[in-house]
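Participant: Sending over structure-v1.cif (mmCIF, C-alpha atoms).
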data_final
#
loop_
_atom_site.label_atom_id
_atom_site.label_comp_id
_atom_site.auth_asym_id
_atom_site.auth_seq_id
_atom_site.Cartn_x
_atom_site.Cartn_y
_atom_site.Cartn_z
CA MET X 85 48.80 -65.98 -82.69
CA ASN X 86 45.50 -65.95 -80.79
CA ARG X 87 45.79 -63.95 -77.59
CA THR X 88 43.51 -62.89 -74.78
CA VAL X 89 43.60 -59.49 -73.15
CA ILE X 90 46.36 -59.00 -70.58
CA GLY X 91 45.33 -59.76 -67.01
CA LEU X 92 46.82 -57.43 -64.38
CA ASP X 93 46.92 -57.89 -60.62
CA ILE X 94 48.46 -54.73 -59.15
CA GLY X 95 49.13 -55.66 -55.54
CA SER X 96 50.53 -53.50 -52.77
CA ALA X 97 54.03 -54.97 -53.26
CA THR X 98 54.08 -56.76 -56.63
CA VAL X 99 52.55 -56.41 -60.09
CA LYS X 100 51.48 -59.70 -61.70
CA ALA X 101 50.58 -60.07 -65.38
CA ALA X 102 49.26 -62.97 -67.45
CA GLN X 103 48.14 -63.55 -71.03
CA TRP X 104 46.88 -66.76 -72.64
CA GLU X 105 48.08 -67.44 -76.17
CA LYS X 106 47.71 -70.12 -78.83
CA PRO X 107 49.14 -70.49 -82.38
CA LEU X 108 46.70 -69.72 -85.21
CA SER X 109 47.40 -73.20 -86.54
CA GLY X 110 45.86 -74.69 -83.40
CA GLY X 111 47.26 -76.57 -80.42
CA ARG X 112 46.93 -75.93 -76.71
CA TRP X 113 46.72 -72.63 -74.93
CA SER X 114 49.81 -71.57 -72.99
CA LEU X 115 50.13 -68.90 -70.34
CA ARG X 116 52.66 -66.07 -70.47
CA THR X 117 53.32 -64.57 -67.04
CA ALA X 118 55.48 -61.98 -65.36
CA ALA X 119 55.83 -60.46 -61.89
CA TRP X 120 57.91 -57.55 -60.64
CA PRO X 121 58.09 -55.39 -57.48
CA ARG X 122 56.23 -52.12 -57.25
CA ARG X 123 58.14 -48.93 -56.59
CA GLY X 124 55.70 -47.90 -53.89
CA SER X 125 52.79 -49.37 -51.98
CA GLY X 126 50.32 -46.53 -52.45
CA GLU X 127 47.80 -45.75 -55.16
CA LEU X 128 48.76 -46.32 -58.78
CA ASP X 129 50.11 -43.16 -60.41
CA CYS X 130 50.87 -42.25 -64.01
CA ASP X 131 54.63 -42.86 -63.67
CA GLU X 132 54.14 -46.40 -62.41
CA ALA X 133 51.45 -47.08 -65.00
CA SER X 134 53.94 -46.07 -67.72
CA ARG X 135 56.49 -48.43 -66.17
CA ILE X 136 53.93 -51.26 -66.21
CA SER X 137 53.23 -50.63 -69.90
CA ALA X 138 56.94 -50.66 -70.76
CA ILE X 139 57.62 -53.86 -68.80
CA LEU X 140 54.69 -55.64 -70.45
CA THR X 141 56.19 -54.83 -73.86
CA ARG X 142 59.66 -55.99 -72.85
CA ARG X 143 58.28 -59.24 -71.40
CA GLY X 144 56.57 -60.20 -74.66
CA PHE X 145 52.95 -59.29 -73.88
CA VAL X 146 50.98 -58.14 -76.92
CA GLY X 147 48.19 -55.59 -77.16
CA SER X 148 46.94 -52.62 -75.16
CA LEU X 149 43.75 -54.14 -73.73
CA VAL X 150 44.04 -55.02 -70.05
CA SER X 151 41.69 -56.56 -67.52
CA VAL X 152 42.51 -55.40 -64.00
CA LEU X 153 41.87 -56.95 -60.61
CA ALA X 154 40.45 -54.63 -57.97
CA SER X 155 42.01 -55.33 -54.59
CA GLY X 156 40.00 -56.57 -51.65
CA GLU X 157 40.50 -53.16 -50.04
CA VAL X 158 38.20 -51.51 -52.59
CA ALA X 159 36.06 -54.31 -54.10
CA ARG X 160 33.46 -55.13 -51.47
CA VAL X 161 31.49 -58.39 -51.33
CA ALA X 162 27.96 -58.27 -49.91
CA GLU X 163 24.88 -60.48 -49.55
CA ILE X 164 21.36 -59.29 -50.35
CA ASP X 165 17.85 -60.76 -50.61
CA LEU X 166 15.58 -59.58 -53.42
CA PRO X 167 11.95 -60.29 -54.30
CA SER X 168 11.87 -63.45 -56.43
CA ALA X 169 9.36 -61.73 -58.73
CA ALA X 170 12.01 -59.19 -59.78
CA VAL X 171 13.64 -60.26 -63.07
CA GLY X 172 15.75 -58.73 -65.80
CA ALA X 173 16.21 -54.96 -65.59
CA GLY X 174 13.88 -54.85 -62.59
CA ARG X 175 16.15 -57.16 -60.61
CA LEU X 176 19.24 -55.10 -61.49
CA ALA X 177 17.52 -51.90 -60.38
CA ALA X 178 16.36 -53.51 -57.14
CA ALA X 179 19.86 -54.92 -56.53
CA ARG X 180 21.44 -51.49 -57.04
CA MET X 181 19.13 -49.85 -54.53
CA GLU X 182 19.62 -52.62 -51.95
CA LEU X 183 23.41 -52.58 -52.37
CA ALA X 184 23.42 -48.79 -52.00
CA ARG X 185 21.62 -49.25 -48.69
CA VAL X 186 23.82 -52.11 -47.44
CA CYS X 187 27.11 -50.53 -48.53
CA ARG X 188 26.04 -46.97 -47.64
CA MET X 189 26.85 -45.63 -51.09
CA GLU X 190 25.03 -43.41 -53.57
CA PRO X 191 22.98 -45.58 -56.00
CA ASN X 192 24.70 -44.07 -59.04
CA GLY X 193 28.18 -44.12 -57.50
CA PHE X 194 29.27 -47.72 -58.10
CA GLU X 195 29.26 -50.71 -60.43
CA PHE X 196 28.41 -54.24 -59.34
CA GLU X 197 27.95 -57.85 -60.36
CA THR X 198 25.63 -60.36 -58.69
CA TRP X 199 25.52 -64.15 -58.48
CA ASP X 200 23.04 -66.63 -57.06
CA LEU X 201 23.86 -67.94 -53.60
CA PRO X 202 23.29 -71.65 -52.86
CA ARG X 203 20.77 -70.93 -50.14
CA SER X 204 17.15 -69.88 -49.95
CA GLY X 205 16.25 -66.28 -49.27
CA ARG X 206 13.46 -65.25 -46.99
CA SER X 207 9.94 -66.25 -48.02
CA GLY X 208 9.28 -64.95 -51.52
CA GLU X 209 12.86 -63.76 -51.96
CA VAL X 210 16.05 -64.90 -53.68
CA ALA X 211 19.54 -64.74 -52.11
CA LEU X 212 22.30 -63.04 -54.09
CA GLY X 213 25.99 -62.31 -53.57
CA ALA X 214 27.48 -59.16 -55.08
CA ALA X 215 30.84 -57.54 -55.78
CA VAL X 216 30.70 -53.76 -55.53
CA LEU X 217 33.25 -51.19 -56.75
CA SER X 218 32.86 -47.42 -56.43
CA HIS X 219 33.42 -45.21 -59.46
CA THR X 220 36.04 -43.29 -57.48
CA ASP X 221 38.12 -46.41 -56.86
CA ALA X 222 37.67 -47.56 -60.45
CA ASP X 223 38.96 -44.22 -61.75
CA LYS X 224 42.09 -44.56 -59.61
CA LEU X 225 42.98 -47.61 -61.72
CA VAL X 226 41.60 -46.61 -65.12
CA ILE X 227 42.96 -43.07 -65.45
CA PRO X 228 46.72 -43.78 -64.86
CA LEU X 229 46.61 -46.86 -67.11
CA HIS X 230 44.80 -44.90 -69.83
CA GLU X 231 47.44 -42.17 -69.66
CA ALA X 232 50.07 -44.91 -70.17
CA GLY X 233 48.36 -46.11 -73.36
CA LEU X 234 46.60 -49.13 -71.84
CA VAL X 235 42.87 -49.63 -72.38
CA VAL X 236 41.00 -51.12 -69.41
CA ALA X 237 38.50 -53.62 -70.83
CA ARG X 238 37.15 -54.49 -67.41
CA ILE X 239 37.80 -54.37 -63.68
CA GLY X 240 37.16 -57.57 -61.74
CA SER X 241 37.04 -58.97 -58.22
CA GLY X 242 39.09 -61.86 -56.90
CA SER X 243 36.25 -63.72 -55.19
CA ASP X 244 34.49 -64.72 -58.38
CA ALA X 245 37.83 -65.41 -60.09
CA PHE X 246 38.63 -68.06 -57.50
CA GLY X 247 35.14 -69.52 -57.87
CA SER X 248 35.54 -69.90 -61.60
CA MET X 249 38.99 -71.40 -61.13
CA LEU X 250 37.70 -74.08 -58.78
CA GLY X 251 34.60 -74.74 -60.86
CA ARG X 252 30.94 -74.82 -59.92
CA GLN X 253 30.33 -78.58 -59.78
CA GLY X 254 28.53 -79.89 -56.73
CA ALA X 255 27.80 -78.29 -53.38
CA THR X 256 31.28 -78.37 -51.83
CA ILE X 257 32.81 -75.84 -49.47
CA ASP X 258 36.14 -74.58 -50.84
CA ALA X 259 38.49 -72.07 -49.25
CA ILE X 260 41.17 -69.82 -50.76
CA ALA X 261 43.82 -68.20 -48.56
CA ASP X 262 45.38 -65.39 -50.59
CA ILE X 263 48.51 -64.52 -48.60
CA GLY X 264 49.48 -61.11 -49.93
CA ALA X 265 51.86 -58.43 -48.73
CA SER X 266 49.22 -56.10 -47.29
CA ALA X 267 46.80 -58.70 -45.95
CA LEU X 268 45.53 -62.26 -45.80
CA SER X 269 42.33 -62.46 -47.84
CA LEU X 270 40.10 -65.44 -47.10
CA THR X 271 37.45 -66.47 -49.61
CA VAL X 272 34.98 -69.28 -48.91
CA LEU X 273 32.93 -70.68 -51.77
CA VAL X 274 30.03 -73.13 -51.92
CA GLY X 275 29.50 -74.68 -55.32
CA GLY X 276 31.89 -72.09 -56.76
CA ALA X 277 29.86 -69.12 -55.46
CA CYS X 278 31.52 -66.78 -52.98
CA VAL X 279 29.58 -66.91 -49.70
CA TYR X 280 32.09 -65.33 -47.33
CA GLU X 281 35.14 -63.07 -47.54
CA ARG X 282 37.47 -61.68 -44.89
CA ARG X 283 40.57 -59.50 -45.04
CA LEU X 284 43.15 -59.56 -42.22
CA ALA X 285 45.98 -57.02 -42.49
CA GLU X 286 47.74 -58.47 -39.44
CA LEU X 287 48.41 -61.72 -41.33
CA GLY X 288 49.87 -60.29 -44.53
CA THR X 289 53.54 -60.98 -45.32
CA ARG X 290 54.44 -57.35 -44.57
CA ALA X 291 53.22 -57.83 -40.99
CA MET X 292 55.18 -61.08 -40.81
CA VAL X 293 58.37 -59.32 -41.93
CA SER X 294 57.86 -56.54 -39.37
CA SER X 295 57.34 -59.03 -36.55
CA ALA X 296 60.36 -61.11 -37.59
CA ALA X 297 62.57 -58.01 -37.86
CA LYS X 298 61.81 -57.07 -34.26
CA ALA X 299 62.39 -60.60 -32.98
CA MET X 300 65.63 -61.07 -34.95
CA ARG X 301 66.88 -57.48 -34.48
CA MET X 302 67.35 -57.08 -38.20
CA SER X 303 66.14 -54.53 -40.71
CA GLU X 304 62.89 -55.34 -42.47
CA ASP X 305 64.64 -55.27 -45.87
CA ARG X 306 67.15 -57.85 -44.70
CA VAL X 307 64.42 -60.07 -43.25
CA ALA X 308 62.45 -59.85 -46.49
CA ARG X 309 65.53 -60.88 -48.50
CA THR X 310 66.26 -63.72 -46.07
CA MET X 311 62.67 -64.95 -46.31
CA ASP X 312 62.90 -64.90 -50.10
CA THR X 313 66.16 -66.87 -50.02
CA ALA X 314 64.82 -69.33 -47.44
CA SER X 315 61.74 -69.98 -49.57
CA ARG X 316 64.03 -71.20 -52.36
CA LYS X 317 66.92 -72.60 -50.27
CA PRO X 318 65.79 -73.80 -46.85
CA GLY X 319 68.55 -74.14 -44.28
CA GLY X 320 70.15 -70.71 -44.50
CA ALA X 321 71.80 -69.11 -41.48
CA SER X 322 68.62 -67.45 -40.25
CA SER X 323 66.08 -69.83 -41.77
CA THR X 324 65.56 -71.76 -38.52
CA VAL X 325 64.40 -68.66 -36.67
CA LEU X 326 62.36 -67.52 -39.65
CA ALA X 327 60.82 -70.95 -40.07
CA GLY X 328 59.66 -70.84 -36.46
CA MET X 329 58.02 -67.45 -36.93
CA LEU X 330 56.44 -68.52 -40.21
CA LYS X 331 55.00 -71.55 -38.43
CA GLN X 332 53.43 -69.28 -35.82
CA PHE X 333 51.85 -67.10 -38.49
CA GLY X 334 50.83 -70.20 -40.44
CA ALA X 335 49.03 -71.59 -37.39
CA ARG X 336 47.13 -68.33 -37.03
CA ILE X 337 46.19 -68.44 -40.72
CA GLY X 338 44.95 -72.00 -40.28
CA ASP X 339 42.87 -70.95 -37.28
CA GLU X 340 41.28 -68.11 -39.26
CA ILE X 341 40.47 -70.46 -42.15
CA ALA X 342 38.87 -72.85 -39.66
CA VAL X 343 36.64 -70.05 -38.29
CA SER X 344 35.56 -69.15 -41.83
CA LEU X 345 34.82 -72.77 -42.70
CA GLU X 346 32.82 -73.22 -39.50
CA TYR X 347 30.68 -70.23 -40.49
CA ALA X 348 30.09 -71.64 -43.99
CA SER X 349 29.33 -75.14 -42.65
CA HIS X 350 26.76 -73.69 -40.26
CA ARG X 351 24.99 -71.78 -43.05
CA TYR X 352 25.29 -74.60 -45.62
CA PRO X 353 25.12 -77.83 -43.58
CA LYS X 354 24.49 -80.05 -46.63
CA ALA X 355 27.67 -78.97 -48.42
CA ALA X 356 30.64 -81.37 -48.32
CA GLU X 357 34.24 -80.34 -47.60
CA GLY X 358 36.11 -79.39 -50.77
CA ARG X 359 39.53 -77.96 -51.55
CA MET X 360 41.68 -75.66 -49.44
CA LEU X 361 44.22 -73.67 -51.48
CA ALA X 362 46.96 -71.16 -50.67
CA VAL X 363 47.73 -68.48 -53.28
CA GLY X 364 49.62 -65.20 -53.36
CA GLY X 365 53.27 -64.45 -52.70
CA GLY X 366 53.13 -65.89 -49.18
CA ALA X 367 52.24 -69.32 -50.57
CA CYS X 368 55.87 -69.83 -51.61
CA HIS X 369 56.91 -70.09 -47.94
CA GLU X 370 56.65 -73.80 -47.19
CA PRO X 371 56.72 -73.59 -43.35
CA LEU X 372 53.85 -71.08 -43.47
CA VAL X 373 51.63 -73.22 -45.69
CA LYS X 374 52.42 -76.45 -43.83
CA ALA X 375 51.67 -74.88 -40.45
CA ALA X 376 48.34 -73.55 -41.73
CA GLY X 377 47.45 -77.00 -43.00
CA HIS X 378 48.48 -78.60 -39.72
CA ALA X 379 46.21 -76.21 -37.79
CA LEU X 380 43.37 -77.24 -40.11
CA GLY X 381 44.18 -80.92 -39.85
CA LEU X 382 44.57 -81.25 -43.63
CA ASP X 383 46.90 -80.31 -46.47
CA LEU X 384 46.69 -76.73 -47.70
CA ALA X 385 47.68 -77.04 -51.36
CA THR X 386 48.79 -74.59 -54.06
CA PRO X 387 46.83 -74.52 -57.35
CA GLN X 388 49.26 -76.18 -59.73
CA ALA X 389 46.50 -78.36 -61.18
CA GLU X 390 44.21 -75.41 -61.90
CA ILE X 391 46.94 -73.43 -63.71
CA PRO X 392 49.52 -75.95 -65.00
CA MET X 393 53.10 -74.87 -65.53
CA VAL X 394 53.76 -74.24 -69.23
CA GLU X 395 56.76 -73.20 -71.25
CA SER X 396 56.03 -69.47 -71.32
CA GLN X 397 55.09 -69.30 -67.64
CA LEU X 398 57.94 -67.98 -65.52
CA VAL X 399 56.05 -67.34 -62.28
CA PRO X 400 54.67 -70.05 -59.94
CA PRO X 401 50.93 -70.56 -60.52
CA TRP X 402 49.92 -69.57 -56.99
CA CYS X 403 51.31 -66.07 -57.62
CA VAL X 404 49.39 -65.41 -60.86
CA VAL X 405 46.00 -67.01 -60.23
CA ALA X 406 44.13 -63.70 -60.22
CA ALA X 407 46.03 -62.26 -63.20
CA ALA X 408 45.39 -65.42 -65.22
CA ALA X 409 41.71 -65.19 -64.27
CA MET X 410 41.47 -61.58 -65.39
CA SER X 411 43.13 -62.39 -68.72
CA VAL X 412 40.17 -64.45 -69.94
CA ALA X 413 37.28 -62.73 -68.16
CA PRO X 414 34.50 -61.24 -70.31
CA ALA X 415 34.33 -57.45 -70.49
CA GLY X 416 31.78 -55.27 -68.78
CA VAL X 417 31.24 -56.87 -65.37
CA VAL X 418 32.96 -56.99 -61.99
CA GLY X 419 33.70 -60.73 -61.89
CA ALA X 420 36.31 -63.01 -63.40
CA SER X 421 36.90 -66.43 -64.92
CA VAL X 422 40.07 -68.47 -64.92
CA ARG X 423 38.88 -71.10 -67.38
CA GLN X 424 41.20 -71.53 -70.34
CA PRO X 425 39.94 -69.29 -73.18
CA THR X 426 37.85 -70.61 -76.04
CA GLY X 427 38.45 -67.65 -78.32
CA GLY X 428 41.20 -65.12 -78.73
CA ARG X 429 42.33 -61.71 -79.86
CA ALA X 430 45.05 -61.58 -82.51
#
Could you show the structure in this file as structure tokens?
Facilitator:
Amino acid sequence: MNRTVIGLDIGSATVKAAQWEKPLSGGRWSLRTAAWPRRGSGELDCDEASRISAILTRRGFVGSLVSVLASGEVARVAEIDLPSAAVGAGRLAAARMELARVCRMEPNGFEFETWDLPRSGRSGEVALGAAVLSHTDADKLVIPLHEAGLVVARIGSGSDAFGSMLGRQGATIDAIADIGASALSLTVLVGGACVYERRLAELGTRAMVSSAAKAMRMSEDRVARTMDTASRKPGGASSTVLAGMLKQFGARIGDEIAVSLEYASHRYPKAAEGRMLAVGGGACHEPLVKAAGHALGLDLATPQAEIPMVESQLVPPWCVVAAAAMSVAPAGVVGASVRQPTGGRA
């Protein structure tokens, strides 16, 4: 069996894993996925890393190589302008120094990846986007996983993963609303290149649960369970109240997406409107997604077409987008690709 490395998305509430596989005799690639709740919401420790390793084995994942997503809390996206004359190693050195200045970090204290932005820089300069991750934050992921017997092939950022998933054809403005437990992460792309990223903790599902618990005079655990049930079986005893609150949060999400799109449209006036997708655990709540789309005046879809459901995939595609992206990303950089793999690791 040909297999890619295992993609891991270790969120604040849930761990998501994905691995592409294909028979040696040929045929199409399929995607093995799994998701399970974390035991805590803090930094990854050795005990939880060991649990992740054991669950991967039980769920049928093969190999010790993993490619890990760095959360939006630690992987920073920045824009820089560099002299167009700088090329090769000279451009990388210039980018490191400029990113150290912009991000207020020591030049030797981080890793980064850059991509061309679809706009002109200042006269004699080129515009670049960059994903930046400090060595300290990288170690917080690598060391516990290493102790658990997992080898980190690379650490990636979500912004470039979404760009690769949507493709880089044409100058369209696309938006991804990643509705996670700790925050709503908004990524705007033009021609597949990330041009804007925002993170809003007040619009994560954890904030929604807290707000609903106060309004409904219920415990947060009970509200979370009710939301989960309502997402699969609308019409439960409390689903009407919950649906109303989800609609309110959805409208706010739609408004924030609209602000982000307005910014991108102003900076890239020649780019046409593209796709608007909802991913993450919050995307399974239909009232939330519909209300966000209504606020935008268009449908906010989930990425079933980009990651089709296959036999070995047990988790909805909008929950494993980033993990699937990390599974096929090349080693050694801080970006990601969600294209189906062309090679494999036995």
Participant: Need the shell around stretch 360-366 of chain X: protein/DNA/RNA residues with any atom at most 8 Å away, counting all atoms listed in the file. Skip same-chain ones fewer than 3 positions apart. Format as a PDB file with C-alpha atoms, keeping the file's coordinate frame?
Facilitator:
ATOM      1  CA  ASP X 258      36.140 -74.580 -50.840  1.00  0.00           C
ATOM      2  CA  ALA X 259      38.490 -72.070 -49.250  1.00  0.00           C
ATOM      3  CA  ILE X 260      41.170 -69.820 -50.760  1.00  0.00           C
ATOM      4  CA  ALA X 261      43.820 -68.200 -48.560  1.00  0.00           C
ATOM      5  CA  ASP X 262      45.380 -65.390 -50.590  1.00  0.00           C
ATOM      6  CA  ILE X 263      48.510 -64.520 -48.600  1.00  0.00           C
ATOM      7  CA  GLY X 264      49.480 -61.110 -49.930  1.00  0.00           C
ATOM      8  CA  ALA X 265      51.860 -58.430 -48.730  1.00  0.00           C
ATOM      9  CA  GLY X 288      49.870 -60.290 -44.530  1.00  0.00           C
ATOM     10  CA  THR X 289      53.540 -60.980 -45.320  1.00  0.00           C
ATOM     11  CA  HIS X 369      56.910 -70.090 -47.940  1.00  0.00           C
ATOM     12  CA  LEU X 372      53.850 -71.080 -43.470  1.00  0.00           C
ATOM     13  CA  VAL X 373      51.630 -73.220 -45.690  1.00  0.00           C
ATOM     14  CA  ASP X 383      46.900 -80.310 -46.470  1.00  0.00           C
ATOM     15  CA  LEU X 384      46.690 -76.730 -47.700  1.00  0.00           C
ATOM     16  CA  ALA X 385      47.680 -77.040 -51.360  1.00  0.00           C
ATOM     17  CA  THR X 386      48.790 -74.590 -54.060  1.00  0.00           C
ATOM     18  CA  PRO X 387      46.830 -74.520 -57.350  1.00  0.00           C
ATOM     19  CA  TRP X 402      49.920 -69.570 -56.990  1.00  0.00           C
ATOM     20  CA  CYS X 403      51.310 -66.070 -57.620  1.00  0.00           C
ATOM     21  CA  VAL X 404      49.390 -65.410 -60.860  1.00  0.00           C
ATOM     22  CA  VAL X 405      46.000 -67.010 -60.230  1.00  0.00           C
TER      23      VAL X 405
END
Participant: Applied to the shown file, which residues does the PyMOL selection byres ((chain X and resi 214-226) around 6) return, written as a list in words?
Facilitator: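 Selection result, ordered by chain and number: Ala159, Arg160, Val161, Ala162, Gly193, Phe194, Glu195, Phe196, Glu197, Thr198, Gly213, Ile227, Pro228, Leu229 and His230 of chain X.
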Participant: Restrict the selected residues to C-alpha atoms and save them as a tab-separated table (two decimals), in the coordinates of the input.
Facilitator:
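This went into out.tsv:
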chain	number	residue	atom	x	y	z
X	159	ALA	CA	36.06	-54.31	-54.10
X	160	ARG	CA	33.46	-55.13	-51.47
X	161	VAL	CA	31.49	-58.39	-51.33
X	162	ALA	CA	27.96	-58.27	-49.91
X	193	GLY	CA	28.18	-44.12	-57.50
X	194	PHE	CA	29.27	-47.72	-58.10
X	195	GLU	CA	29.26	-50.71	-60.43
X	196	PHE	CA	28.41	-54.24	-59.34
X	197	GLU	CA	27.95	-57.85	-60.36
X	198	THR	CA	25.63	-60.36	-58.69
X	213	GLY	CA	25.99	-62.31	-53.57
X	227	ILE	CA	42.96	-43.07	-65.45
X	228	PRO	CA	46.72	-43.78	-64.86
X	229	LEU	CA	46.61	-46.86	-67.11
X	230	HIS	CA	44.80	-44.90	-69.83
Participant: Tell me which protein, DNA and RNA residues are within 8 Å of X:Ala408, counting all atoms listed in the file, leaving out same-chain ones fewer than 6 positions away, and put them as a JSON list (two decimals) with C-alpha atoms, keeping the file's coordinate frame.
Facilitator:
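Contents of the output file selection-v6.json:
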[["chain", "number", "residue", "atom", "x", "y", "z"],
["X", 91, "GLY", "CA", 45.33, -59.76, -67.01],
["X", 101, "ALA", "CA", 50.58, -60.07, -65.38],
["X", 102, "ALA", "CA", 49.26, -62.97, -67.45],
["X", 103, "GLN", "CA", 48.14, -63.55, -71.03],
["X", 104, "TRP", "CA", 46.88, -66.76, -72.64],
["X", 115, "LEU", "CA", 50.13, -68.90, -70.34],
["X", 422, "VAL", "CA", 40.07, -68.47, -64.92]]
Participant: Quick one: axis-aligned box around all listed atoms of stretch 200-218 of chain X, 4 Å on every side, centre and edge lengths in Å to one decimal, written as lines of an AutoDock Vina configuration file.
Facilitator:
center_x = 21.3
center_y = -59.5
center_z = -52.0
size_x = 32.0
size_y = 32.2
size_z = 18.1
Participant: Contacts of X:Asp165 at 12 Å or less, counting only C-alpha atoms, minus same-chain residues fewer than 4 places along, as a list in words?
Facilitator: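 Everything that qualifies: Ala169, Ala170, Arg175, Ala178, Ala179, Arg180, Met181, Glu182, Leu183, Val186, Thr198, Trp199, Asp200, Leu201, Arg203, Ser204, Gly205, Arg206, Ser207, Gly208, Glu209, Val210, Ala211, Leu212, Gly213 and Ala214 of chain X.
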Participant: Which distance in Å separates atom CA of X:Gly111 and atom CA of X:Arg143, to one decimal?
Facilitator: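 About the pair atom CA of X:Gly111 and atom CA of X:Arg143: they are 22.4 Å apart.
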Participant: Between X:Val99, X:Val272, X:Ala285, X:Ala184, single out the one closest to X:Glu157, counting only C-alpha atoms.
Facilitator: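 That would be X:Ala285, the residue with the smallest distance to X:Glu157.
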Participant: Take the point (67.8, -61.2, -41.3) in the file's coordinates, draw a sphere of radius 10 Å around it, and report as a list of chain:residue names every protein, DNA or RNA residue with an atom inside or on it, counting only C-alpha atoms.
Facilitator: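 Here the neighbourhood of the point contains X:Val293, X:Ala296, X:Ala297, X:Ala299, X:Met300, X:Arg301, X:Met302, X:Ser303, X:Glu304, X:Asp305, X:Arg306, X:Val307, X:Ala308, X:Arg309, X:Thr310, X:Met311, X:Ala321, X:Ser322, X:Ser323, X:Val325, X:Leu326.
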Participant: Any idea what the distance is between atom CA of X:Gly242 and atom CA of X:Gly144?
Facilitator: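 Taking atom CA of X:Gly242 as the start and atom CA of X:Gly144 as the end point, the length is 25.0 Å.
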Participant: Looking at only C-alpha atoms, which of X:Val158, X:Ala356, X:Ile239, X:Leu268 is the one that sits closest to X:Ala291?
Facilitator: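 Closest to X:Ala291, using only C-alpha atoms: X:Leu268.
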Participant: List the residues selected by the PyMOL selection byres ((chain X and resi 119) around 8) in the file shown, writing them as a list in words.
Facilitator: Thr98, Val99, Lys100, Ala101, Thr117, Ala118, Trp120, Pro121 and Val399 of chain X
Participant: Go through X:Ala406, X:Leu176, X:Ile139, X:Ala245 and flag the residue nearest X:Ile94, using only C-alpha atoms for the distances.
Facilitator: X:Ala406
Participant: Quick one: apply the PyMOL selection byres ((chain X and resi 147) around 10) to the file and drop the selected residues here as a PyMOL selection string.
Facilitator: chain X and resi 87-90+140-141+144-146+148-150+234-235+429-430
